[in-house]
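The file work.cif contains mmCIF, N, CA and C atoms:
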data_target
loop_
_atom_site.label_atom_id
_atom_site.label_comp_id
_atom_site.auth_asym_id
_atom_site.auth_seq_id
_atom_site.Cartn_x
_atom_site.Cartn_y
_atom_site.Cartn_z
N MET A 12 -2.46 -12.54 93.93
CA MET A 12 -2.51 -11.29 93.22
C MET A 12 -1.09 -10.89 92.79
N PRO A 13 -0.63 -11.39 91.70
CA PRO A 13 0.74 -11.13 91.28
C PRO A 13 1.00 -9.75 90.71
N ASP A 14 -0.04 -8.96 90.39
CA ASP A 14 0.15 -7.68 89.71
C ASP A 14 0.26 -6.48 90.66
N ILE A 15 0.41 -6.70 91.95
CA ILE A 15 0.55 -5.60 92.91
C ILE A 15 1.93 -4.96 92.71
N VAL A 16 1.95 -3.65 92.48
CA VAL A 16 3.18 -2.92 92.18
C VAL A 16 3.87 -2.43 93.46
N ASN A 17 3.13 -1.77 94.33
CA ASN A 17 3.73 -1.15 95.51
C ASN A 17 4.13 -2.20 96.55
N PRO A 18 5.37 -2.15 97.04
CA PRO A 18 5.83 -3.16 98.02
C PRO A 18 5.04 -3.17 99.33
N ARG A 19 4.57 -2.00 99.78
CA ARG A 19 3.76 -1.99 101.01
C ARG A 19 2.42 -2.68 100.80
N LEU A 20 1.82 -2.47 99.63
CA LEU A 20 0.56 -3.15 99.33
C LEU A 20 0.78 -4.66 99.17
N ARG A 21 1.90 -5.04 98.59
CA ARG A 21 2.24 -6.46 98.47
C ARG A 21 2.36 -7.07 99.87
N ARG A 22 3.04 -6.37 100.78
CA ARG A 22 3.17 -6.86 102.17
C ARG A 22 1.82 -6.95 102.85
N LEU A 23 0.95 -5.95 102.61
CA LEU A 23 -0.38 -5.95 103.21
C LEU A 23 -1.19 -7.15 102.69
N TYR A 24 -1.11 -7.41 101.40
CA TYR A 24 -1.82 -8.56 100.83
C TYR A 24 -1.27 -9.86 101.42
N ASP A 25 0.04 -9.97 101.50
CA ASP A 25 0.66 -11.19 102.07
C ASP A 25 0.24 -11.38 103.52
N TYR A 26 0.14 -10.28 104.27
CA TYR A 26 -0.32 -10.33 105.67
C TYR A 26 -1.75 -10.84 105.73
N TRP A 27 -2.64 -10.25 104.90
CA TRP A 27 -4.03 -10.67 104.83
C TRP A 27 -4.13 -12.16 104.48
N ALA A 28 -3.37 -12.58 103.46
CA ALA A 28 -3.41 -13.98 103.01
C ALA A 28 -2.92 -14.92 104.11
N ALA A 29 -1.88 -14.53 104.84
CA ALA A 29 -1.37 -15.37 105.93
C ALA A 29 -2.42 -15.49 107.04
N LYS A 30 -3.10 -14.41 107.36
CA LYS A 30 -4.14 -14.44 108.40
C LYS A 30 -5.35 -15.24 107.94
N ARG A 31 -5.58 -15.28 106.66
CA ARG A 31 -6.69 -16.05 106.09
C ARG A 31 -6.44 -17.54 106.23
N GLY A 32 -5.20 -17.95 105.97
CA GLY A 32 -4.89 -19.37 106.00
C GLY A 32 -5.69 -20.12 104.95
N GLU A 33 -6.39 -21.18 105.36
CA GLU A 33 -7.19 -21.99 104.44
C GLU A 33 -8.62 -21.46 104.28
N ARG A 34 -8.97 -20.41 105.02
CA ARG A 34 -10.31 -19.85 104.95
C ARG A 34 -10.45 -18.94 103.73
N ALA A 35 -11.68 -18.61 103.40
CA ALA A 35 -11.94 -17.70 102.27
C ALA A 35 -11.42 -16.30 102.57
N MET A 36 -11.49 -15.90 103.85
CA MET A 36 -11.04 -14.56 104.25
C MET A 36 -10.84 -14.56 105.76
N PRO A 37 -9.92 -13.73 106.25
CA PRO A 37 -9.74 -13.64 107.70
C PRO A 37 -10.83 -12.79 108.34
N ALA A 38 -10.89 -12.85 109.65
CA ALA A 38 -11.81 -12.00 110.42
C ALA A 38 -11.08 -10.73 110.83
N ARG A 39 -11.82 -9.70 111.18
CA ARG A 39 -11.21 -8.47 111.69
C ARG A 39 -10.39 -8.77 112.93
N ALA A 40 -10.85 -9.69 113.77
CA ALA A 40 -10.16 -10.05 115.01
C ALA A 40 -8.80 -10.69 114.75
N ASP A 41 -8.57 -11.20 113.53
CA ASP A 41 -7.28 -11.81 113.19
C ASP A 41 -6.20 -10.77 112.95
N LEU A 42 -6.59 -9.53 112.68
CA LEU A 42 -5.63 -8.49 112.32
C LEU A 42 -5.15 -7.77 113.56
N ASP A 43 -3.85 -7.49 113.59
CA ASP A 43 -3.25 -6.76 114.70
C ASP A 43 -2.48 -5.57 114.12
N PRO A 44 -2.91 -4.35 114.41
CA PRO A 44 -2.22 -3.17 113.86
C PRO A 44 -0.73 -3.16 114.19
N VAL A 45 -0.33 -3.73 115.30
CA VAL A 45 1.08 -3.78 115.68
C VAL A 45 1.89 -4.57 114.65
N GLU A 46 1.24 -5.50 113.96
CA GLU A 46 1.92 -6.34 112.97
C GLU A 46 1.99 -5.70 111.58
N MET A 47 1.36 -4.55 111.41
CA MET A 47 1.39 -3.93 110.08
C MET A 47 1.67 -2.44 110.12
N PRO A 48 2.71 -2.02 110.84
CA PRO A 48 3.03 -0.59 110.90
C PRO A 48 3.45 -0.02 109.54
N PHE A 49 3.91 -0.86 108.65
CA PHE A 49 4.34 -0.45 107.31
C PHE A 49 3.20 0.12 106.47
N ALA A 50 1.94 -0.14 106.88
CA ALA A 50 0.81 0.25 106.05
C ALA A 50 -0.22 1.13 106.75
N LEU A 51 -0.11 1.31 108.05
CA LEU A 51 -1.20 1.94 108.81
C LEU A 51 -1.68 3.29 108.28
N GLY A 52 -0.78 4.17 107.89
CA GLY A 52 -1.20 5.48 107.38
C GLY A 52 -1.93 5.40 106.06
N ASN A 53 -1.81 4.25 105.39
CA ASN A 53 -2.41 4.06 104.08
C ASN A 53 -3.57 3.07 104.09
N VAL A 54 -4.13 2.85 105.28
CA VAL A 54 -5.20 1.86 105.42
C VAL A 54 -6.54 2.52 105.70
N ILE A 55 -7.56 1.94 105.10
CA ILE A 55 -8.95 2.26 105.41
C ILE A 55 -9.58 0.97 105.91
N LEU A 56 -10.31 1.05 106.99
CA LEU A 56 -11.07 -0.07 107.50
C LEU A 56 -12.53 0.34 107.43
N ALA A 57 -13.31 -0.40 106.64
CA ALA A 57 -14.70 -0.03 106.40
C ALA A 57 -15.64 -1.15 106.85
N GLU A 58 -16.63 -0.78 107.63
CA GLU A 58 -17.65 -1.73 108.06
C GLU A 58 -18.71 -1.82 106.96
N VAL A 59 -19.10 -3.05 106.62
CA VAL A 59 -20.15 -3.28 105.63
C VAL A 59 -21.48 -3.35 106.38
N LEU A 60 -22.35 -2.40 106.16
CA LEU A 60 -23.64 -2.38 106.84
C LEU A 60 -24.61 -3.32 106.12
N PRO A 61 -25.39 -4.08 106.88
CA PRO A 61 -26.28 -5.09 106.27
C PRO A 61 -27.54 -4.45 105.67
N GLU A 62 -27.33 -3.68 104.63
CA GLU A 62 -28.43 -3.02 103.92
C GLU A 62 -28.38 -3.48 102.47
N THR A 63 -29.44 -3.24 101.74
CA THR A 63 -29.46 -3.57 100.32
C THR A 63 -29.78 -2.31 99.53
N PRO A 64 -28.85 -1.84 98.69
CA PRO A 64 -27.47 -2.29 98.57
C PRO A 64 -26.67 -1.88 99.81
N PRO A 65 -25.55 -2.56 100.04
CA PRO A 65 -24.77 -2.24 101.25
C PRO A 65 -24.22 -0.83 101.26
N ARG A 66 -24.14 -0.27 102.46
CA ARG A 66 -23.47 1.01 102.68
C ARG A 66 -22.28 0.72 103.57
N PHE A 67 -21.40 1.73 103.72
CA PHE A 67 -20.13 1.50 104.40
C PHE A 67 -19.83 2.60 105.39
N ARG A 68 -19.49 2.19 106.61
CA ARG A 68 -19.06 3.13 107.65
C ARG A 68 -17.53 3.01 107.75
N ILE A 69 -16.85 4.14 107.63
CA ILE A 69 -15.39 4.13 107.69
C ILE A 69 -14.98 4.14 109.15
N ARG A 70 -14.37 3.06 109.59
CA ARG A 70 -13.90 2.93 110.97
C ARG A 70 -12.52 3.55 111.14
N LEU A 71 -11.73 3.52 110.07
CA LEU A 71 -10.39 4.10 110.11
C LEU A 71 -10.05 4.64 108.73
N HIS A 72 -9.62 5.89 108.69
CA HIS A 72 -9.13 6.52 107.46
C HIS A 72 -7.71 6.95 107.78
N GLY A 73 -6.72 6.21 107.28
CA GLY A 73 -5.32 6.42 107.63
C GLY A 73 -4.86 7.86 107.50
N THR A 74 -3.90 8.23 108.34
CA THR A 74 -3.43 9.62 108.40
C THR A 74 -2.80 10.08 107.09
N THR A 75 -2.08 9.21 106.42
CA THR A 75 -1.47 9.59 105.13
C THR A 75 -2.57 9.87 104.11
N LEU A 76 -3.59 9.02 104.09
CA LEU A 76 -4.69 9.21 103.15
C LEU A 76 -5.48 10.46 103.47
N THR A 77 -5.67 10.73 104.74
CA THR A 77 -6.37 11.95 105.17
C THR A 77 -5.61 13.18 104.70
N ARG A 78 -4.28 13.16 104.85
CA ARG A 78 -3.46 14.28 104.42
C ARG A 78 -3.56 14.49 102.91
N TYR A 79 -3.48 13.42 102.13
CA TYR A 79 -3.57 13.54 100.67
C TYR A 79 -4.94 14.02 100.22
N ALA A 80 -5.99 13.47 100.83
CA ALA A 80 -7.35 13.79 100.39
C ALA A 80 -7.81 15.15 100.89
N GLY A 81 -7.31 15.58 102.04
CA GLY A 81 -7.74 16.84 102.62
C GLY A 81 -9.00 16.72 103.45
N TYR A 82 -9.41 15.51 103.76
CA TYR A 82 -10.56 15.26 104.64
C TYR A 82 -10.35 13.93 105.35
N ASP A 83 -11.03 13.78 106.49
CA ASP A 83 -10.93 12.56 107.29
C ASP A 83 -12.31 11.92 107.34
N LEU A 84 -12.41 10.69 106.88
CA LEU A 84 -13.69 9.98 106.89
C LEU A 84 -13.86 9.07 108.11
N THR A 85 -12.89 9.04 109.02
CA THR A 85 -13.01 8.18 110.19
C THR A 85 -14.32 8.47 110.93
N GLY A 86 -15.11 7.40 111.16
CA GLY A 86 -16.37 7.53 111.86
C GLY A 86 -17.52 8.01 110.99
N ARG A 87 -17.27 8.22 109.72
CA ARG A 87 -18.30 8.74 108.82
C ARG A 87 -18.71 7.68 107.81
N MET A 88 -19.76 7.96 107.10
CA MET A 88 -20.23 7.06 106.05
C MET A 88 -19.49 7.35 104.75
N LEU A 89 -19.27 6.32 103.95
CA LEU A 89 -18.63 6.51 102.65
C LEU A 89 -19.43 7.50 101.80
N ASP A 90 -20.76 7.50 101.97
CA ASP A 90 -21.61 8.44 101.21
C ASP A 90 -21.27 9.89 101.49
N GLU A 91 -20.54 10.16 102.59
CA GLU A 91 -20.19 11.53 102.95
C GLU A 91 -18.90 12.00 102.29
N MET A 92 -18.25 11.13 101.52
CA MET A 92 -17.03 11.55 100.83
C MET A 92 -17.37 12.74 99.94
N PRO A 93 -16.60 13.83 100.04
CA PRO A 93 -16.98 15.06 99.33
C PRO A 93 -16.81 15.04 97.82
N LEU A 94 -16.07 14.13 97.24
CA LEU A 94 -15.85 14.13 95.80
C LEU A 94 -16.76 13.10 95.13
N PRO A 95 -17.81 13.55 94.43
CA PRO A 95 -18.81 12.62 93.88
C PRO A 95 -18.23 11.54 92.97
N GLU A 96 -17.30 11.89 92.09
CA GLU A 96 -16.77 10.90 91.15
C GLU A 96 -16.00 9.80 91.90
N PHE A 97 -15.16 10.19 92.83
CA PHE A 97 -14.37 9.21 93.58
C PHE A 97 -15.27 8.44 94.54
N ARG A 98 -16.28 9.09 95.09
CA ARG A 98 -17.23 8.42 95.98
C ARG A 98 -17.96 7.31 95.23
N GLU A 99 -18.40 7.59 94.00
CA GLU A 99 -19.11 6.59 93.20
C GLU A 99 -18.20 5.42 92.85
N LEU A 100 -16.96 5.70 92.47
CA LEU A 100 -15.99 4.65 92.16
C LEU A 100 -15.71 3.80 93.40
N ALA A 101 -15.48 4.45 94.54
CA ALA A 101 -15.20 3.73 95.78
C ALA A 101 -16.40 2.87 96.17
N THR A 102 -17.60 3.41 96.06
CA THR A 102 -18.81 2.66 96.42
C THR A 102 -18.95 1.41 95.55
N ARG A 103 -18.74 1.55 94.24
CA ARG A 103 -18.82 0.39 93.33
C ARG A 103 -17.78 -0.66 93.71
N SER A 104 -16.55 -0.21 93.99
CA SER A 104 -15.47 -1.15 94.33
C SER A 104 -15.75 -1.83 95.67
N PHE A 105 -16.16 -1.07 96.68
CA PHE A 105 -16.48 -1.63 97.99
C PHE A 105 -17.59 -2.67 97.86
N ARG A 106 -18.63 -2.33 97.10
CA ARG A 106 -19.77 -3.26 96.94
C ARG A 106 -19.35 -4.53 96.22
N LYS A 107 -18.48 -4.41 95.25
CA LYS A 107 -18.02 -5.60 94.53
C LYS A 107 -17.33 -6.57 95.48
N VAL A 108 -16.43 -6.06 96.32
CA VAL A 108 -15.70 -6.91 97.26
C VAL A 108 -16.66 -7.49 98.31
N ALA A 109 -17.61 -6.67 98.77
CA ALA A 109 -18.60 -7.14 99.75
C ALA A 109 -19.47 -8.25 99.14
N ARG A 110 -19.78 -8.15 97.87
CA ARG A 110 -20.62 -9.13 97.19
C ARG A 110 -19.87 -10.43 96.87
N THR A 111 -18.64 -10.30 96.37
CA THR A 111 -17.90 -11.48 95.89
C THR A 111 -17.07 -12.16 96.97
N GLY A 112 -16.65 -11.39 97.99
CA GLY A 112 -15.75 -11.94 99.00
C GLY A 112 -14.34 -12.16 98.46
N GLU A 113 -14.03 -11.53 97.34
CA GLU A 113 -12.72 -11.65 96.70
C GLU A 113 -11.98 -10.32 96.76
N PRO A 114 -10.65 -10.35 96.95
CA PRO A 114 -9.87 -9.10 96.91
C PRO A 114 -9.98 -8.43 95.54
N LEU A 115 -9.78 -7.12 95.54
CA LEU A 115 -9.82 -6.34 94.31
C LEU A 115 -8.59 -5.45 94.27
N HIS A 116 -7.89 -5.46 93.14
CA HIS A 116 -6.71 -4.63 92.94
C HIS A 116 -7.05 -3.55 91.92
N VAL A 117 -6.66 -2.30 92.22
CA VAL A 117 -6.99 -1.16 91.35
C VAL A 117 -5.75 -0.31 91.13
N LEU A 118 -5.49 0.04 89.88
CA LEU A 118 -4.49 1.05 89.51
C LEU A 118 -5.28 2.11 88.73
N ALA A 119 -5.29 3.34 89.23
CA ALA A 119 -6.12 4.37 88.58
C ALA A 119 -5.59 5.76 88.91
N ASP A 120 -6.27 6.76 88.37
CA ASP A 120 -5.96 8.16 88.63
C ASP A 120 -7.17 8.82 89.28
N ARG A 121 -6.91 9.81 90.12
CA ARG A 121 -7.97 10.65 90.66
C ARG A 121 -7.44 12.06 90.77
N MET A 122 -8.34 13.01 90.83
CA MET A 122 -7.95 14.41 90.95
C MET A 122 -7.75 14.77 92.41
N LEU A 123 -6.58 15.32 92.73
CA LEU A 123 -6.28 15.87 94.04
C LEU A 123 -5.59 17.20 93.82
N ASP A 124 -6.07 18.23 94.46
CA ASP A 124 -5.51 19.57 94.27
C ASP A 124 -5.50 19.97 92.80
N ASP A 125 -6.57 19.62 92.10
CA ASP A 125 -6.73 19.94 90.68
C ASP A 125 -5.66 19.32 89.79
N ARG A 126 -5.02 18.25 90.27
CA ARG A 126 -4.02 17.53 89.46
C ARG A 126 -4.34 16.04 89.52
N PRO A 127 -4.16 15.33 88.39
CA PRO A 127 -4.37 13.88 88.45
C PRO A 127 -3.26 13.23 89.29
N GLN A 128 -3.66 12.33 90.15
CA GLN A 128 -2.72 11.59 90.99
C GLN A 128 -2.94 10.10 90.74
N ARG A 129 -1.88 9.41 90.37
CA ARG A 129 -1.95 7.96 90.16
C ARG A 129 -1.92 7.28 91.52
N TYR A 130 -2.76 6.27 91.70
CA TYR A 130 -2.77 5.52 92.94
C TYR A 130 -2.97 4.03 92.67
N GLU A 131 -2.59 3.26 93.65
CA GLU A 131 -2.82 1.81 93.62
C GLU A 131 -3.58 1.47 94.89
N ALA A 132 -4.61 0.66 94.75
CA ALA A 132 -5.42 0.28 95.90
C ALA A 132 -5.64 -1.23 95.91
N LEU A 133 -5.81 -1.75 97.10
CA LEU A 133 -6.07 -3.16 97.30
C LEU A 133 -7.20 -3.27 98.32
N LEU A 134 -8.31 -3.86 97.94
CA LEU A 134 -9.47 -4.02 98.81
C LEU A 134 -9.60 -5.49 99.16
N MET A 135 -9.63 -5.80 100.47
CA MET A 135 -9.67 -7.19 100.91
C MET A 135 -10.80 -7.40 101.90
N PRO A 136 -11.57 -8.48 101.73
CA PRO A 136 -12.72 -8.73 102.60
C PRO A 136 -12.31 -9.35 103.95
N LEU A 137 -13.13 -9.07 104.97
CA LEU A 137 -12.95 -9.65 106.30
C LEU A 137 -14.30 -10.22 106.73
N SER A 138 -14.26 -11.39 107.39
CA SER A 138 -15.50 -12.04 107.80
C SER A 138 -15.28 -12.91 109.01
N SER A 139 -16.13 -12.79 110.02
CA SER A 139 -15.99 -13.64 111.21
C SER A 139 -16.53 -15.04 110.98
N ASP A 140 -17.48 -15.20 110.02
CA ASP A 140 -18.03 -16.53 109.78
C ASP A 140 -17.54 -17.15 108.48
N GLY A 141 -16.69 -16.43 107.74
CA GLY A 141 -16.15 -16.96 106.49
C GLY A 141 -17.12 -16.92 105.33
N ILE A 142 -18.29 -16.36 105.54
CA ILE A 142 -19.32 -16.30 104.49
C ILE A 142 -19.71 -14.86 104.18
N ARG A 143 -20.22 -14.16 105.19
CA ARG A 143 -20.69 -12.78 104.99
C ARG A 143 -19.54 -11.81 105.21
N VAL A 144 -19.29 -10.95 104.24
CA VAL A 144 -18.26 -9.93 104.37
C VAL A 144 -18.78 -8.85 105.30
N GLU A 145 -18.07 -8.66 106.43
CA GLU A 145 -18.50 -7.69 107.44
C GLU A 145 -17.67 -6.42 107.43
N MET A 146 -16.43 -6.54 106.97
CA MET A 146 -15.54 -5.38 106.92
C MET A 146 -14.65 -5.50 105.69
N LEU A 147 -14.07 -4.37 105.32
CA LEU A 147 -13.09 -4.33 104.24
C LEU A 147 -11.80 -3.72 104.78
N LEU A 148 -10.70 -4.33 104.44
CA LEU A 148 -9.38 -3.79 104.71
C LEU A 148 -8.87 -3.25 103.38
N ILE A 149 -8.63 -1.95 103.33
CA ILE A 149 -8.23 -1.30 102.08
C ILE A 149 -6.88 -0.64 102.27
N GLY A 150 -5.96 -0.94 101.39
CA GLY A 150 -4.68 -0.25 101.35
C GLY A 150 -4.65 0.62 100.11
N LEU A 151 -4.21 1.87 100.24
CA LEU A 151 -4.16 2.78 99.10
C LEU A 151 -2.87 3.59 99.19
N VAL A 152 -2.13 3.60 98.08
CA VAL A 152 -0.85 4.30 98.04
C VAL A 152 -0.80 5.15 96.76
N TYR A 153 -0.42 6.41 96.91
CA TYR A 153 -0.25 7.30 95.75
C TYR A 153 1.17 7.13 95.21
N ASP A 154 1.31 7.24 93.88
CA ASP A 154 2.61 7.04 93.23
C ASP A 154 3.70 7.97 93.74
N ASN A 155 3.33 9.19 94.11
CA ASN A 155 4.36 10.15 94.52
C ASN A 155 4.76 10.01 95.99
N GLU A 156 4.22 9.00 96.69
CA GLU A 156 4.66 8.73 98.06
C GLU A 156 5.97 7.96 98.01
N ARG A 157 6.72 8.10 99.06
CA ARG A 157 7.91 7.27 99.18
C ARG A 157 7.48 5.85 99.44
N ARG A 158 8.15 4.93 98.82
CA ARG A 158 7.81 3.53 98.98
C ARG A 158 8.54 3.01 100.17
#
As structure tokens:
Amino acid sequence: MPDIVNPRLRRLYDYWAAKRGERAMPARADLDPVEMPFALGNVILAEVLPETPPRFRIRLHGTTLTRYAGYDLTGRMLDEMPLPEFRELATRSFRKVARTGEPLHVLADRMLDDRPQRYEALLMPLSSDGIRVEMLLIGLVYDNERR
């Protein structure tokens, strides 16, 4: 993924790719939060529920993201996200990665505090068997954050 702009997201992608090795995707068990302190506040970890279409349980909603969004989704379903437009976009993106098993890079705008905020996101699949996507590792950084 050569088009990643934010250096923390680039590091997160490189970390994911290193943990993947020759496999299609790493497992959740391959990741160690101690090895990625540079990204923790900007990470979402989402469990892919085996439903059709898939739904997502947010296992971790990073503290920086919680502060920017004004809500914490940790332990909640993605369907509970209070902003319908962003919820629909996130659901489509999460489902695409769950379906394809391929990382997804996004540069877009969303409304926060009634102002458009530019953000960059990277969604990466995790799988214990290398076939079925069981979790998503998502890094999201707003342009006005310090890099």
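Running the PyMOL selection byres ((chain A and resi 20) around 8) on this file leaves Ile15, Val16, Asn17, Pro18, Arg19, Arg21, Arg22, Leu23, Tyr24, Asp25, Tyr26, Phe49, Ala50, Glu131, Ala132, Leu133, Gly150, Leu151 and Val152 of chain A selected.
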Just the selected residues (N, CA and C atoms), exported as an mmCIF file, in the frame of the given file, please.
data_model
loop_
_atom_site.group_PDB
_atom_site.id
_atom_site.type_symbol
_atom_site.label_atom_id
_atom_site.label_comp_id
_atom_site.auth_asym_id
_atom_site.auth_seq_id
_atom_site.Cartn_x
_atom_site.Cartn_y
_atom_site.Cartn_z
ATOM 1 N N ILE A 15 0.410 -6.700 91.950
ATOM 2 C CA ILE A 15 0.550 -5.600 92.910
ATOM 3 C C ILE A 15 1.930 -4.960 92.710
ATOM 4 N N VAL A 16 1.950 -3.650 92.480
ATOM 5 C CA VAL A 16 3.180 -2.920 92.180
ATOM 6 C C VAL A 16 3.870 -2.430 93.460
ATOM 7 N N ASN A 17 3.130 -1.770 94.330
ATOM 8 C CA ASN A 17 3.730 -1.150 95.510
ATOM 9 C C ASN A 17 4.130 -2.200 96.550
ATOM 10 N N PRO A 18 5.370 -2.150 97.040
ATOM 11 C CA PRO A 18 5.830 -3.160 98.020
ATOM 12 C C PRO A 18 5.040 -3.170 99.330
ATOM 13 N N ARG A 19 4.570 -2.000 99.780
ATOM 14 C CA ARG A 19 3.760 -1.990 101.010
ATOM 15 C C ARG A 19 2.420 -2.680 100.800
ATOM 16 N N ARG A 21 1.900 -5.040 98.590
ATOM 17 C CA ARG A 21 2.240 -6.460 98.470
ATOM 18 C C ARG A 21 2.360 -7.070 99.870
ATOM 19 N N ARG A 22 3.040 -6.370 100.780
ATOM 20 C CA ARG A 22 3.170 -6.860 102.170
ATOM 21 C C ARG A 22 1.820 -6.950 102.850
ATOM 22 N N LEU A 23 0.950 -5.950 102.610
ATOM 23 C CA LEU A 23 -0.380 -5.950 103.210
ATOM 24 C C LEU A 23 -1.190 -7.150 102.690
ATOM 25 N N TYR A 24 -1.110 -7.410 101.400
ATOM 26 C CA TYR A 24 -1.820 -8.560 100.830
ATOM 27 C C TYR A 24 -1.270 -9.860 101.420
ATOM 28 N N ASP A 25 0.040 -9.970 101.500
ATOM 29 C CA ASP A 25 0.660 -11.190 102.070
ATOM 30 C C ASP A 25 0.240 -11.380 103.520
ATOM 31 N N TYR A 26 0.140 -10.280 104.270
ATOM 32 C CA TYR A 26 -0.320 -10.330 105.670
ATOM 33 C C TYR A 26 -1.750 -10.840 105.730
ATOM 34 N N PHE A 49 3.910 -0.860 108.650
ATOM 35 C CA PHE A 49 4.340 -0.450 107.310
ATOM 36 C C PHE A 49 3.200 0.120 106.470
ATOM 37 N N ALA A 50 1.940 -0.140 106.880
ATOM 38 C CA ALA A 50 0.810 0.250 106.050
ATOM 39 C C ALA A 50 -0.220 1.130 106.750
ATOM 40 N N GLU A 131 -2.590 3.260 93.650
ATOM 41 C CA GLU A 131 -2.820 1.810 93.620
ATOM 42 C C GLU A 131 -3.580 1.470 94.890
ATOM 43 N N ALA A 132 -4.610 0.660 94.750
ATOM 44 C CA ALA A 132 -5.420 0.280 95.900
ATOM 45 C C ALA A 132 -5.640 -1.230 95.910
ATOM 46 N N LEU A 133 -5.810 -1.750 97.100
ATOM 47 C CA LEU A 133 -6.070 -3.160 97.300
ATOM 48 C C LEU A 133 -7.200 -3.270 98.320
ATOM 49 N N GLY A 150 -5.960 -0.940 101.390
ATOM 50 C CA GLY A 150 -4.680 -0.250 101.350
ATOM 51 C C GLY A 150 -4.650 0.620 100.110
ATOM 52 N N LEU A 151 -4.210 1.870 100.240
ATOM 53 C CA LEU A 151 -4.160 2.780 99.100
ATOM 54 C C LEU A 151 -2.870 3.590 99.190
ATOM 55 N N VAL A 152 -2.130 3.600 98.080
ATOM 56 C CA VAL A 152 -0.850 4.300 98.040
ATOM 57 C C VAL A 152 -0.800 5.150 96.760
#
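Comparing the minimum interatomic distances between Thr75 in chain A and each of A:Ile142, A:Arg129, A:Glu58, A:Tyr153, counting only C-alpha atoms, we find that A:Tyr153 sits nearest.
Note that CA of Pro65 in chain A and CA of Val144 in chain A are 10.5 Å apart.
Our summary of the geometry notes that atom C of His116 in chain A is positioned 24.6 Å from CA of Gly86 in chain A.
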Evaluate the PyMOL selection byres ((chain A and resi 54) around 6) on the structure here and hand back the selected residues as a short mmCIF file (atom, residue, chain, number, x, y, z; two decimals) with N, CA and C atoms, in the frame of the given file.
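Result written to expr.cif:
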data_model
loop_
_atom_site.label_atom_id
_atom_site.label_comp_id
_atom_site.auth_asym_id
_atom_site.auth_seq_id
_atom_site.Cartn_x
_atom_site.Cartn_y
_atom_site.Cartn_z
N ALA A 50 1.94 -0.14 106.88
CA ALA A 50 0.81 0.25 106.05
C ALA A 50 -0.22 1.13 106.75
N LEU A 51 -0.11 1.31 108.05
CA LEU A 51 -1.20 1.94 108.81
C LEU A 51 -1.68 3.29 108.28
N GLY A 52 -0.78 4.17 107.89
CA GLY A 52 -1.20 5.48 107.38
C GLY A 52 -1.93 5.40 106.06
N ASN A 53 -1.81 4.25 105.39
CA ASN A 53 -2.41 4.06 104.08
C ASN A 53 -3.57 3.07 104.09
N ILE A 55 -7.56 1.94 105.10
CA ILE A 55 -8.95 2.26 105.41
C ILE A 55 -9.58 0.97 105.91
N LEU A 56 -10.31 1.05 106.99
CA LEU A 56 -11.07 -0.07 107.50
C LEU A 56 -12.53 0.34 107.43
N LEU A 71 -11.73 3.52 110.07
CA LEU A 71 -10.39 4.10 110.11
C LEU A 71 -10.05 4.64 108.73
N HIS A 72 -9.62 5.89 108.69
CA HIS A 72 -9.13 6.52 107.46
C HIS A 72 -7.71 6.95 107.78
N GLY A 73 -6.72 6.21 107.28
CA GLY A 73 -5.32 6.42 107.63
C GLY A 73 -4.86 7.86 107.50
N ILE A 149 -8.63 -1.95 103.33
CA ILE A 149 -8.23 -1.30 102.08
C ILE A 149 -6.88 -0.64 102.27
N GLY A 150 -5.96 -0.94 101.39
CA GLY A 150 -4.68 -0.25 101.35
C GLY A 150 -4.65 0.62 100.11
N LEU A 151 -4.21 1.87 100.24
CA LEU A 151 -4.16 2.78 99.10
C LEU A 151 -2.87 3.59 99.19
#
Please identify the strand (DSSP E or B) residues within range 21-66 of chain A (assignment by DSSP from backbone atoms) and present them as a ChimeraX atom specification. /A:54-60,66
Name all residues at most 5 Å from Val59 in chain A (count all atoms listed in the file; drop same-chain ones fewer than 5 positions away) and give them as a ChimeraX atom specification. /A:66-67,145-146
Given the file shown, enumerate the residues that the PyMOL selection byres (((chain A and resi 28 and name CA) around 12) and name CA) captures and present them as a count of residues only. 26
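Residues in contact with Thr102 in chain A at up to 8 Å, not including ones fewer than 3 positions away on its chain and judged by only N, CA and C atoms, are A:Arg66, A:Phe67, A:Leu89, A:Asp90, A:Glu96, A:Phe97, A:Arg98, A:Glu99, A:Phe105, A:Arg106, A:Lys107, A:Val108.
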Just list the residues in range 41-146 of chain A DSSP gives alpha helix (DSSP H) on the backbone, as a PyMOL selection string. chain A and resi 74-80+95-111
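CA of Tyr130 in chain A to atom N of Asp154 in chain A spans 4.5 Å [interatomic distance, one decimal].
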Once 3 Å is added on each side, what centre and edge lengths in Å to one decimal does the axis-aligned box around all listed atoms of range 36-39 of chain A have, as AutoDock Vina command-line options?
--center_x -10.8 --center_y -12.2 --center_z 108.4 --size_x 8.1 --size_y 13.4 --size_z 15.1
